[in-house]
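What follows is the content of data-v5.txt (compact mmCIF, C-alpha atoms and all ligand atoms).
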```
# COMPACT_ATOMS: atom_id res chain seq x y z
CA MET P 1353 22.50 -25.44 -48.53
CA MET P 1354 20.78 -22.87 -46.31
CA LYS P 1355 19.73 -20.97 -49.44
CA ALA P 1356 17.99 -24.06 -50.80
CA ALA P 1357 16.26 -24.56 -47.46
CA LEU P 1358 15.11 -20.91 -47.44
CA GLN P 1359 13.84 -21.25 -51.01
CA GLN P 1360 11.88 -24.33 -50.01
CA LEU P 1361 10.47 -22.49 -46.96
CA ALA P 1362 9.50 -19.48 -49.12
CA SER P 1363 7.50 -21.72 -51.43
CA THR P 1364 5.35 -22.94 -48.51
CA LEU P 1365 4.50 -19.55 -46.97
CA ASP P 1366 1.34 -17.49 -47.59
CA GLY P 1367 3.44 -14.39 -46.98
CA GLU P 1368 6.90 -13.29 -48.10
CA LEU P 1369 10.43 -14.48 -47.37
CA HIS P 1370 13.32 -12.34 -48.58
CA PHE P 1371 16.96 -13.29 -48.56
CA ASP P 1372 18.36 -10.81 -51.08
CA THR P 1373 21.03 -8.36 -49.91
CA ALA P 1374 18.86 -5.24 -50.31
CA MET P 1375 16.07 -6.45 -48.06
CA ARG P 1376 18.46 -7.93 -45.49
CA THR P 1377 20.37 -4.64 -45.40
CA LEU P 1378 17.15 -2.70 -44.80
CA TYR P 1379 16.35 -4.92 -41.84
CA ALA P 1380 19.92 -5.05 -40.47
CA THR P 1381 19.23 -2.28 -37.98
CA ASP P 1382 16.56 -0.65 -35.82
CA ALA P 1383 16.63 2.83 -34.25
CA SER P 1384 19.84 1.88 -32.44
CA ALA P 1385 23.45 2.10 -33.52
CA TYR P 1386 23.68 -1.70 -33.85
CA ARG P 1387 23.83 -3.42 -37.22
CA GLU P 1388 23.92 -7.10 -38.11
CA MET P 1389 22.88 -8.79 -41.34
CA PRO P 1390 19.93 -11.12 -40.76
CA LEU P 1391 19.80 -14.47 -42.50
CA ALA P 1392 16.46 -13.52 -44.05
CA VAL P 1393 13.41 -11.29 -43.62
CA ALA P 1394 9.95 -12.80 -43.35
CA ILE P 1395 6.65 -10.98 -43.71
CA PRO P 1396 4.18 -13.62 -42.55
CA ALA P 1397 0.60 -13.41 -43.77
CA SER P 1398 -0.92 -15.91 -41.36
CA GLU P 1399 -0.36 -17.54 -37.99
CA ASN P 1400 0.41 -20.70 -39.89
CA ASP P 1401 3.34 -18.88 -41.52
CA ILE P 1402 4.68 -17.96 -38.08
CA ARG P 1403 4.41 -21.58 -36.98
CA LYS P 1404 6.30 -22.71 -40.12
CA LEU P 1405 9.03 -20.13 -39.46
CA ILE P 1406 9.39 -21.37 -35.87
CA LEU P 1407 9.69 -24.98 -36.98
CA PHE P 1408 12.24 -23.95 -39.64
CA ALA P 1409 14.32 -22.07 -37.03
CA HIS P 1410 14.10 -25.10 -34.72
CA THR P 1411 15.27 -27.53 -37.41
CA HIS P 1412 17.99 -25.30 -38.84
CA LYS P 1413 19.25 -24.02 -35.48
CA THR P 1414 18.74 -20.37 -36.24
CA SER P 1415 16.76 -17.72 -34.35
CA LEU P 1416 13.67 -15.64 -35.06
CA ILE P 1417 13.57 -11.94 -34.29
CA PRO P 1418 9.96 -10.75 -34.01
CA ARG P 1419 9.72 -7.15 -35.21
CA THR P 1420 7.00 -4.51 -35.27
CA ALA P 1421 7.95 -0.85 -35.89
CA GLY P 1422 11.67 -1.38 -35.25
CA THR P 1423 12.07 1.76 -33.11
CA SER P 1424 14.05 -0.01 -30.38
CA LEU P 1425 17.10 1.82 -29.12
CA ALA P 1426 19.23 -1.09 -27.95
CA GLY P 1427 19.29 -3.45 -30.93
CA GLN P 1428 16.27 -5.48 -29.82
CA VAL P 1429 15.31 -6.30 -33.42
CA VAL P 1430 18.84 -6.73 -34.72
CA GLY P 1431 20.29 -10.20 -35.11
CA ASN P 1432 21.67 -12.83 -37.45
CA GLY P 1433 18.54 -15.01 -37.54
CA ILE P 1434 15.32 -14.42 -39.48
CA VAL P 1435 13.67 -11.06 -38.81
CA VAL P 1436 9.92 -11.66 -38.75
CA ASP P 1437 8.08 -8.42 -39.49
CA VAL P 1438 4.50 -8.55 -38.19
CA SER P 1439 3.86 -4.83 -38.75
CA ARG P 1440 2.29 -5.42 -42.17
CA LYS P 1441 -0.32 -8.15 -41.76
CA PHE P 1442 -1.01 -8.43 -38.03
CA THR P 1443 -2.64 -5.05 -37.61
CA SER P 1444 -6.19 -5.83 -36.51
CA ILE P 1445 -8.05 -4.70 -33.42
CA LEU P 1446 -9.92 -7.93 -32.73
CA GLU P 1447 -12.31 -7.22 -29.86
CA LEU P 1448 -13.29 -4.51 -27.42
CA ASN P 1449 -15.15 -5.20 -24.20
CA GLU P 1450 -16.30 -1.80 -22.93
CA LYS P 1451 -17.92 -3.21 -19.83
CA GLU P 1452 -14.87 -5.10 -18.63
CA LYS P 1453 -12.55 -2.46 -20.10
CA TRP P 1454 -10.22 -4.52 -22.24
CA VAL P 1455 -9.21 -4.72 -25.86
CA ARG P 1456 -7.70 -7.65 -27.80
CA VAL P 1457 -5.30 -6.76 -30.62
CA GLN P 1458 -2.74 -8.21 -32.97
CA PRO P 1459 0.89 -7.17 -32.32
CA GLY P 1460 1.14 -4.80 -35.31
CA VAL P 1461 -1.46 -2.31 -34.05
CA ILE P 1462 0.06 1.17 -33.63
CA ARG P 1463 -0.38 2.58 -30.12
CA ASP P 1464 -1.86 5.95 -31.20
CA GLU P 1465 -4.16 4.28 -33.73
CA LEU P 1466 -5.47 2.00 -30.98
CA ASN P 1467 -6.27 5.09 -28.95
CA GLN P 1468 -8.03 6.74 -31.91
CA PHE P 1469 -10.21 3.65 -32.11
CA LEU P 1470 -10.88 3.68 -28.35
CA LYS P 1471 -11.61 7.43 -28.09
CA PRO P 1472 -15.31 7.34 -29.13
CA HIS P 1473 -15.80 4.75 -26.39
CA GLY P 1474 -14.32 7.11 -23.79
CA LEU P 1475 -11.37 4.76 -23.22
CA PHE P 1476 -7.65 4.63 -23.91
CA PHE P 1477 -4.52 2.53 -23.47
CA GLY P 1478 -2.45 4.45 -20.93
CA PRO P 1479 1.24 3.62 -21.41
CA GLU P 1480 2.93 5.66 -24.10
CA THR P 1481 6.33 6.16 -25.66
CA SER P 1482 7.82 9.16 -27.41
CA THR P 1483 7.37 7.06 -30.57
CA ALA P 1484 3.67 6.32 -29.91
CA ASN P 1485 2.58 7.39 -33.40
CA ARG P 1486 4.47 4.43 -34.86
CA ALA P 1487 5.41 2.08 -32.00
CA MET P 1488 3.23 -1.01 -32.03
CA ILE P 1489 1.68 -3.01 -29.23
CA GLY P 1490 3.89 -6.09 -29.87
CA GLY P 1491 6.99 -3.91 -29.46
CA MET P 1492 5.55 -2.11 -26.44
CA VAL P 1493 5.04 -5.46 -24.75
CA GLY P 1494 8.52 -6.61 -25.84
CA ASN P 1495 10.15 -3.53 -24.34
CA ASN P 1496 7.65 -3.04 -21.50
CA SER P 1497 7.29 0.48 -22.83
CA CYS P 1498 6.23 3.51 -20.90
CA GLY P 1499 6.75 7.21 -21.18
CA SER P 1500 6.25 10.56 -19.54
CA ASN P 1501 2.82 9.64 -18.12
CA SER P 1502 4.17 6.54 -16.34
CA VAL P 1503 3.71 8.30 -13.00
CA VAL P 1504 -0.01 7.69 -13.51
CA TYR P 1505 -0.37 4.85 -16.02
CA ARG P 1506 2.82 2.93 -15.16
CA SER P 1507 4.20 0.60 -17.85
CA THR P 1508 2.78 -1.79 -20.45
CA ARG P 1509 3.29 -4.72 -18.05
CA GLU P 1510 0.64 -3.43 -15.62
CA HIS P 1511 -1.94 -3.40 -18.45
CA LEU P 1512 -1.06 -6.72 -20.06
CA LEU P 1513 -3.86 -9.14 -19.20
CA GLU P 1514 -3.33 -12.04 -21.56
CA VAL P 1515 -1.37 -13.15 -24.63
CA ARG P 1516 -1.74 -15.89 -27.20
CA ALA P 1517 1.66 -17.03 -28.40
CA PHE P 1518 3.71 -19.67 -30.15
CA LEU P 1519 6.45 -21.41 -28.18
CA SER P 1520 9.78 -22.57 -29.62
CA ASP P 1521 8.40 -25.99 -30.66
CA GLY P 1522 5.56 -24.40 -32.65
CA SER P 1523 2.93 -25.22 -30.03
CA GLU P 1524 0.44 -22.57 -29.01
CA ALA P 1525 -0.19 -21.27 -25.50
CA ILE P 1526 -2.36 -18.70 -23.78
CA PHE P 1527 -0.75 -16.93 -20.84
CA LYS P 1528 -3.07 -15.19 -18.38
CA ALA P 1529 -3.84 -14.83 -14.67
CA LEU P 1530 -4.30 -18.22 -12.99
CA THR P 1531 -5.80 -19.16 -9.65
CA LEU P 1532 -3.69 -21.45 -7.48
CA ASP P 1533 -5.60 -24.52 -8.72
CA GLU P 1534 -5.29 -23.46 -12.35
CA PHE P 1535 -1.56 -22.88 -11.87
CA HIS P 1536 -1.00 -26.40 -10.54
CA GLN P 1537 -3.19 -27.86 -13.32
CA LYS P 1538 -0.97 -26.11 -15.87
CA CYS P 1539 2.02 -27.98 -14.41
CA GLU P 1540 0.47 -31.32 -15.36
CA GLY P 1541 1.61 -33.14 -18.50
CA ASP P 1542 4.61 -33.20 -20.80
CA SER P 1543 3.91 -30.40 -23.30
CA LEU P 1544 6.47 -27.59 -23.59
CA GLU P 1545 3.94 -25.27 -21.92
CA ALA P 1546 3.58 -27.67 -18.98
CA ARG P 1547 7.35 -27.99 -18.68
CA VAL P 1548 7.70 -24.20 -18.58
CA TYR P 1549 5.27 -24.11 -15.62
CA GLN P 1550 6.95 -27.08 -13.91
CA THR P 1551 10.42 -25.53 -14.17
CA THR P 1552 9.16 -22.19 -12.91
CA ARG P 1553 7.40 -23.85 -9.98
CA LYS P 1554 10.51 -25.81 -9.07
CA LEU P 1555 12.87 -22.83 -9.26
CA LEU P 1556 10.67 -20.30 -7.53
CA SER P 1557 9.48 -22.65 -4.76
CA ASN P 1558 13.07 -22.95 -3.60
CA TYR P 1559 13.47 -20.65 -0.59
CA GLU P 1560 17.13 -19.86 -1.29
CA ASN P 1561 16.29 -18.85 -4.87
CA GLN P 1562 13.50 -16.63 -3.61
CA GLU P 1563 15.84 -14.92 -1.16
CA GLU P 1564 18.52 -14.44 -3.82
CA ILE P 1565 16.03 -12.94 -6.27
CA ARG P 1566 14.64 -10.59 -3.62
CA LYS P 1567 18.16 -9.54 -2.68
CA GLN P 1568 19.60 -9.05 -6.17
CA PHE P 1569 16.78 -7.45 -8.14
CA PRO P 1570 16.43 -3.66 -8.23
CA LYS P 1571 14.09 -2.00 -5.74
CA LYS P 1572 10.42 -2.37 -6.69
CA THR P 1573 9.92 1.30 -5.99
CA VAL P 1574 11.96 2.00 -9.12
CA GLU P 1575 9.05 1.59 -11.54
CA ARG P 1576 10.77 2.29 -14.82
CA ARG P 1577 13.22 -0.57 -14.97
CA ASN P 1578 13.68 -3.26 -17.53
CA THR P 1579 16.65 -5.16 -16.24
CA GLY P 1580 16.32 -8.69 -17.52
CA TYR P 1581 13.40 -11.03 -16.93
CA ALA P 1582 11.05 -9.86 -14.19
CA VAL P 1583 11.20 -13.10 -12.17
CA ASP P 1584 11.15 -10.99 -9.01
CA LEU P 1585 7.49 -10.20 -9.75
CA LEU P 1586 6.62 -13.89 -10.19
CA VAL P 1587 8.12 -14.67 -6.77
CA GLU P 1588 5.52 -12.41 -5.18
CA THR P 1589 2.53 -14.28 -6.71
CA ALA P 1590 0.20 -16.68 -4.85
CA PRO P 1591 2.00 -20.00 -5.61
CA PHE P 1592 5.18 -18.70 -3.95
CA THR P 1593 4.07 -15.99 -1.51
CA ALA P 1594 1.05 -16.39 0.77
CA GLY P 1595 -1.58 -13.76 -0.03
CA GLY P 1596 0.12 -12.84 -3.32
CA GLU P 1597 -1.70 -12.01 -6.55
CA ASP P 1598 -2.68 -14.61 -9.14
CA PHE P 1599 0.23 -16.01 -11.12
CA ASN P 1600 0.48 -14.58 -14.64
CA PHE P 1601 3.37 -15.22 -17.05
CA CYS P 1602 2.46 -11.94 -18.76
CA SER P 1603 4.59 -10.17 -16.11
CA LEU P 1604 7.58 -12.03 -17.47
CA ILE P 1605 6.66 -11.69 -21.14
CA ALA P 1606 6.42 -7.91 -20.83
CA GLY P 1607 9.99 -6.73 -21.24
CA SER P 1608 11.31 -10.06 -22.54
CA GLU P 1609 12.21 -8.51 -25.92
CA GLY P 1610 10.84 -11.29 -28.08
CA THR P 1611 12.97 -13.98 -26.46
CA LEU P 1612 10.34 -16.11 -24.72
CA ALA P 1613 7.44 -16.54 -27.13
CA PHE P 1614 6.09 -15.23 -30.42
CA LEU P 1615 2.97 -13.20 -29.62
CA THR P 1616 0.02 -13.34 -32.00
CA GLU P 1617 -2.72 -11.77 -29.83
CA ILE P 1618 -2.49 -9.36 -26.95
CA LYS P 1619 -5.27 -8.50 -24.48
CA LEU P 1620 -4.83 -5.14 -22.80
CA ASN P 1621 -6.50 -3.34 -19.96
CA VAL P 1622 -7.90 0.06 -21.04
CA VAL P 1623 -8.83 3.00 -18.83
CA PRO P 1624 -11.23 5.96 -18.99
CA LEU P 1625 -9.95 8.93 -21.00
CA PRO P 1626 -8.27 11.57 -18.84
CA PRO P 1627 -10.15 14.86 -18.32
CA LYS P 1628 -9.97 17.26 -21.29
CA GLU P 1629 -8.62 20.14 -19.24
CA THR P 1630 -4.89 19.83 -18.72
CA GLY P 1631 -2.21 22.30 -17.78
CA LEU P 1632 1.39 22.47 -18.93
CA LEU P 1633 4.21 23.98 -16.95
CA CYS P 1634 7.59 24.50 -18.64
CA ILE P 1635 10.38 25.16 -16.18
CA HIS P 1636 13.88 26.10 -17.29
CA PHE P 1637 16.88 24.82 -15.39
CA ASN P 1638 20.59 25.51 -15.53
CA SER P 1639 21.63 21.90 -15.02
CA ILE P 1640 20.29 18.36 -15.26
CA ASP P 1641 20.90 17.96 -11.54
CA GLU P 1642 18.70 20.97 -10.79
CA SER P 1643 15.91 19.58 -12.98
CA LEU P 1644 16.02 16.14 -11.35
CA ARG P 1645 15.70 17.71 -7.90
CA ALA P 1646 12.77 19.82 -9.10
CA ASN P 1647 11.07 16.70 -10.41
CA LEU P 1648 10.90 15.35 -6.87
CA ILE P 1649 8.98 18.49 -5.88
CA ALA P 1650 6.67 18.24 -8.92
CA LEU P 1651 5.81 14.63 -8.04
CA GLN P 1652 4.26 15.82 -4.77
CA PHE P 1653 1.47 17.55 -6.75
CA ASN P 1654 -0.10 14.48 -8.41
CA ILE P 1655 1.14 15.43 -11.87
CA SER P 1656 0.07 13.26 -14.80
CA ALA P 1657 3.35 13.48 -16.72
CA SER P 1658 6.88 14.74 -16.31
CA GLU P 1659 9.37 15.04 -19.16
CA LEU P 1660 12.91 16.35 -19.46
CA ILE P 1661 13.94 18.08 -22.68
CA ASP P 1662 17.68 18.44 -22.48
CA HIS P 1663 20.21 20.70 -24.19
CA TYR P 1664 20.88 18.11 -26.94
CA ILE P 1665 17.25 17.94 -27.99
CA LEU P 1666 17.01 21.74 -28.01
CA GLU P 1667 20.10 21.78 -30.23
CA CYS P 1668 18.47 19.30 -32.63
CA THR P 1669 15.62 21.74 -33.25
CA LYS P 1670 18.06 24.25 -34.76
CA ASN P 1671 18.03 22.78 -38.24
CA ASN P 1672 14.59 21.23 -38.06
CA ILE P 1673 12.09 23.06 -40.28
CA GLU P 1674 9.11 21.75 -38.35
CA GLN P 1675 10.49 22.92 -35.00
CA GLN P 1676 11.73 26.34 -36.17
CA LYS P 1677 8.42 27.94 -35.21
CA ASN P 1678 8.76 26.67 -31.64
CA ARG P 1679 12.25 27.98 -31.05
CA PHE P 1680 11.05 31.32 -29.65
CA LEU P 1681 10.51 29.42 -26.41
CA PHE P 1682 14.12 28.28 -26.23
CA ARG P 1683 15.46 31.71 -27.13
CA ALA P 1684 13.58 33.05 -24.14
CA ILE P 1685 15.60 30.87 -21.81
CA GLN P 1686 17.96 33.11 -19.97
CA GLY P 1687 21.52 32.08 -20.52
CA TYR P 1688 20.70 29.47 -23.17
CA SER P 1689 23.40 29.74 -25.78
CA GLY P 1690 21.88 27.46 -28.42
CA GLY P 1691 21.38 30.37 -30.87
C1 LIG P 1701 13.34 8.84 -30.32
C2 LIG P 1701 12.91 7.62 -29.52
C3 LIG P 1701 12.27 7.81 -28.31
C4 LIG P 1701 11.86 6.69 -27.56
N1 LIG P 1701 11.20 6.89 -26.39
C5 LIG P 1701 10.76 5.82 -25.67
C6 LIG P 1701 10.00 6.02 -24.48
O1 LIG P 1701 9.66 7.12 -24.08
N2 LIG P 1701 9.63 4.90 -23.78
C7 LIG P 1701 9.93 3.64 -24.21
O2 LIG P 1701 9.54 2.67 -23.54
N3 LIG P 1701 10.64 3.43 -25.34
C8 LIG P 1701 11.04 4.49 -26.09
N4 LIG P 1701 11.72 4.28 -27.27
C9 LIG P 1701 11.99 2.90 -27.72
C10 LIG P 1701 10.86 2.32 -28.60
O3 LIG P 1701 10.33 3.30 -29.46
C11 LIG P 1701 9.70 1.75 -27.76
O4 LIG P 1701 10.18 0.84 -26.80
C12 LIG P 1701 8.59 1.11 -28.63
O5 LIG P 1701 7.50 0.74 -27.82
C13 LIG P 1701 9.05 -0.10 -29.42
O6 LIG P 1701 7.98 -0.46 -30.29
P1 LIG P 1701 8.27 -1.04 -31.75
O7 LIG P 1701 6.95 -1.36 -32.36
O8 LIG P 1701 9.16 -0.16 -32.52
O9 LIG P 1701 9.01 -2.39 -31.36
P2 LIG P 1701 10.27 -3.13 -32.02
O10 LIG P 1701 11.49 -2.28 -31.90
O11 LIG P 1701 9.91 -3.61 -33.39
O12 LIG P 1701 10.38 -4.39 -31.05
C14 LIG P 1701 10.60 -4.22 -29.65
C15 LIG P 1701 10.76 -5.59 -28.99
O13 LIG P 1701 9.51 -6.27 -29.01
C16 LIG P 1701 9.66 -7.56 -29.58
N5 LIG P 1701 8.43 -7.94 -30.30
C17 LIG P 1701 7.77 -7.23 -31.26
N6 LIG P 1701 6.72 -7.92 -31.72
C18 LIG P 1701 6.69 -9.10 -31.04
C19 LIG P 1701 5.87 -10.27 -31.08
N7 LIG P 1701 4.83 -10.36 -31.92
N8 LIG P 1701 6.14 -11.30 -30.25
C20 LIG P 1701 7.20 -11.23 -29.41
N9 LIG P 1701 8.03 -10.17 -29.32
C21 LIG P 1701 7.78 -9.11 -30.12
C22 LIG P 1701 10.86 -7.44 -30.52
O14 LIG P 1701 11.48 -8.69 -30.78
C23 LIG P 1701 11.76 -6.50 -29.72
O15 LIG P 1701 12.53 -7.22 -28.78
C24 LIG P 1701 12.12 5.38 -28.04
C25 LIG P 1701 12.76 5.20 -29.29
C26 LIG P 1701 13.15 6.32 -30.02
C27 LIG P 1701 13.79 6.09 -31.35
```
Would you mind giving the structure from this file in structure tokens?
Ligand SMILES: Cc1cc2nc3c(=O)[nH]c(=O)nc-3n(C[C@H](O)[C@H](O)[C@H](O)COP(=O)(O)OP(=O)(O)OC[C@H]3O[C@@H](n4cnc5c(N)ncnc54)[C@H](O)[C@@H]3O)c2cc1C
Amino acid sequence: MMKAALQQLASTLDGELHFDTAMRTLYATDASAYREMPLAVAIPASENDIRKLILFAHTHKTSLIPRTAGTSLAGQVVGNGIVVDVSRKFTSILELNEKEKWVRVQPGVIRDELNQFLKPHGLFFGPETSTANRAMIGGMVGNNSCGSNSVVYRSTREHLLEVRAFLSDGSEAIFKALTLDEFHQKCEGDSLEARVYQTTRKLLSNYENQEEIRKQFPKKTVERRNTGYAVDLLVETAPFTAGGEDFNFCSLIAGSEGTLAFLTEIKLNVVPLPPKETGLLCIHFNSIDESLRANLIALQFNISASELIDHYILECTKNNIEQQKNRFLFRAIQGYSGG
């Protein structure tokens, strides 16, 4: 019965819908160790396709798994619903505003390619990942990605200004910073979007909830954390905390791993390119503990990035043709027995 329904859905899409074993097997995993056969794999060609997929999932009580490059390490794009791959057709950079320093993109834009586009304008998108030459902006938002330069540029969340997205009933919403008045206006009405705002207002206005959230969430000083939905950040905004920043659901969407809304457009803050002159210091340590302690010292010198390359990664270079030429550096490490 489901097969007939999928066939019917396929016939209405501009893009592709696959439910053969080969395609489902290809999409049964990401860069993690997890594996689960999806019901189907969709490659939507239009926003209308995404809306149709959402309505199908709603009617047939299955889930959608938005996917970009699939480089997640914890099974974020693995599941038994329909994997929706937006890496093929949603790859446009839609608008750049140099004066206000923002760029609007579709989710399938690769992070490094965005920066190649921005370079002639003297701008770039700061947050990075080790996979930046393939990781896409949709996935970076989903995982709230950041990398070795997070000490300066922080994470994707801090640069996410606005998103356009589909909600679970197929309706469309724009999430962005709202003044207090705008926030309360958003709570008016009976649309799903309005109900999301109403529920949030009710839950976060409750003093006991606020206290519990403040008590239970990890310290804010720990920047690189992605432990569930960032409701602790919403509590600190103007509707709930006097003098707080404007309310913006983007804080919650960043790091929500595709579970809250299906993003179709993403507006990002961009920053001036860093100076060309940079220095690199490679320090060798005898233990991880020693290196972590040294990092605390390095942080006192306003460094722009800090990265640990551990014994396992050095070992992986042994049989890697590309990295063979760099191994002289490792051999120079006193006491390193990697060969
Ligand atoms: C070797 C290696 C090193 C890595 N190093 C880092 C690192 O330094 N820092 C880091 O943060 N991560 C790292 N990662 C993890 C991963 O590469 C990054 O998090 C990356 O940004 C994910 O991007 P992606 O395009 O592959 O996303 P995907 O894996 O395709 O998706 C990531 C999440 O985003 C959601 N998503 C994607 N598109 C949409 C959409 N349109 N709407 C709603 N949700 C969407 C997905 O559902 C999923 O939950 C590493 C991974 C590997 C394999």
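Interatomic distance, atom CA of P:Ala1525 to atom CA of P:Glu1545: 6.8 Å.
Contact shell of P:Leu1660 at 10 Å (all atoms listed in the file; same-chain neighbours under 2 positions omitted): Ser1500, Cys1634, Ile1635, Ile1640, Ser1643, Leu1644, Asn1647, Ser1658, Asp1662, His1663 and Ile1665 of chain P.
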Nearby residues, ligand LIG 1701 (chain P), 6 Å, only C-alpha atoms and all ligand atoms, as JSON, numbers by chain:
{"P": [1383, 1417, 1418, 1419, 1420, 1421, 1422, 1423, 1424, 1425, 1428, 1429, 1459, 1481, 1482, 1483, 1487, 1488, 1490, 1491, 1492, 1494, 1495, 1497, 1498, 1499, 1609, 1610, 1613, 1614, 1615, 1616]}
Restricting it to C-alpha atoms, dump the selection as a PDB file, in the frame of the given file.
```
ATOM      1  CA  ALA P1383      16.630   2.830 -34.250  1.00  0.00           C
ATOM      2  CA  ILE P1417      13.570 -11.940 -34.290  1.00  0.00           C
ATOM      3  CA  PRO P1418       9.960 -10.750 -34.010  1.00  0.00           C
ATOM      4  CA  ARG P1419       9.720  -7.150 -35.210  1.00  0.00           C
ATOM      5  CA  THR P1420       7.000  -4.510 -35.270  1.00  0.00           C
ATOM      6  CA  ALA P1421       7.950  -0.850 -35.890  1.00  0.00           C
ATOM      7  CA  GLY P1422      11.670  -1.380 -35.250  1.00  0.00           C
ATOM      8  CA  THR P1423      12.070   1.760 -33.110  1.00  0.00           C
ATOM      9  CA  SER P1424      14.050  -0.010 -30.380  1.00  0.00           C
ATOM     10  CA  LEU P1425      17.100   1.820 -29.120  1.00  0.00           C
ATOM     11  CA  GLN P1428      16.270  -5.480 -29.820  1.00  0.00           C
ATOM     12  CA  VAL P1429      15.310  -6.300 -33.420  1.00  0.00           C
ATOM     13  CA  PRO P1459       0.890  -7.170 -32.320  1.00  0.00           C
ATOM     14  CA  THR P1481       6.330   6.160 -25.660  1.00  0.00           C
ATOM     15  CA  SER P1482       7.820   9.160 -27.410  1.00  0.00           C
ATOM     16  CA  THR P1483       7.370   7.060 -30.570  1.00  0.00           C
ATOM     17  CA  ALA P1487       5.410   2.080 -32.000  1.00  0.00           C
ATOM     18  CA  MET P1488       3.230  -1.010 -32.030  1.00  0.00           C
ATOM     19  CA  GLY P1490       3.890  -6.090 -29.870  1.00  0.00           C
ATOM     20  CA  GLY P1491       6.990  -3.910 -29.460  1.00  0.00           C
ATOM     21  CA  MET P1492       5.550  -2.110 -26.440  1.00  0.00           C
ATOM     22  CA  GLY P1494       8.520  -6.610 -25.840  1.00  0.00           C
ATOM     23  CA  ASN P1495      10.150  -3.530 -24.340  1.00  0.00           C
ATOM     24  CA  SER P1497       7.290   0.480 -22.830  1.00  0.00           C
ATOM     25  CA  CYS P1498       6.230   3.510 -20.900  1.00  0.00           C
ATOM     26  CA  GLY P1499       6.750   7.210 -21.180  1.00  0.00           C
ATOM     27  CA  GLU P1609      12.210  -8.510 -25.920  1.00  0.00           C
ATOM     28  CA  GLY P1610      10.840 -11.290 -28.080  1.00  0.00           C
ATOM     29  CA  ALA P1613       7.440 -16.540 -27.130  1.00  0.00           C
ATOM     30  CA  PHE P1614       6.090 -15.230 -30.420  1.00  0.00           C
ATOM     31  CA  LEU P1615       2.970 -13.200 -29.620  1.00  0.00           C
ATOM     32  CA  THR P1616       0.020 -13.340 -32.000  1.00  0.00           C
TER      33      THR P1616
END
```
Of the candidates P:Lys1528, P:Ser1502, P:His1536, P:Lys1453, which one gets nearest to P:Arg1577 if we count all atoms listed in the file?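 Checking each candidate against P:Arg1577, we get P:Ser1502 as the closest.
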Worksheet item: Counting only C-alpha atoms, what is within 9 Å of stretch 1470-1478 of chain P, bar same-chain residues fewer than 4 positions away, as a list of chain:residue names?
Response: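 Those residues are P:Leu1448, P:Glu1450, P:Lys1453, P:Val1455, P:Arg1463, P:Asp1464, P:Glu1465, P:Leu1466, P:Cys1498, P:Asn1501, P:Ser1502, P:Val1504, P:Tyr1505, P:Arg1506, P:Ser1507, P:Thr1508, P:His1511, P:Leu1620, P:Asn1621, P:Val1622, P:Val1623, P:Pro1624, P:Leu1625, P:Pro1626.
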Distance criterion (all atoms listed in the file): nearest to P:Val1461 out of P:Glu1617, P:Val1548, P:Gly1427, P:Pro1570:
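Of the candidates, the smallest distance to P:Val1461 is held by P:Glu1617.
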So that I can see what lies close to stretch 1399-1411 of chain P, please list as a PyMOL selection string the residues with an atom at most 7 Å from it, counting only C-alpha atoms and leaving out residues fewer than 6 positions away in the same chain. chain P and resi 1365-1366+1520-1522
Judged by all atoms listed in the file, the minimum distance to P:Leu1369 among P:Ala1385, P:Ala1517, P:Ile1395, P:Lys1628 is found for P:Ile1395
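A straight line drawn from atom CA of P:Glu1642 to atom CA of P:Arg1576 is 20.7 Å long.
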Kindly give the distance, in Å, that separates atom CA of P:Tyr1664 and atom CA of P:Asn1638, rounded to a single decimal.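 Atom CA of P:Tyr1664 sits 13.6 Å away from atom CA of P:Asn1638.
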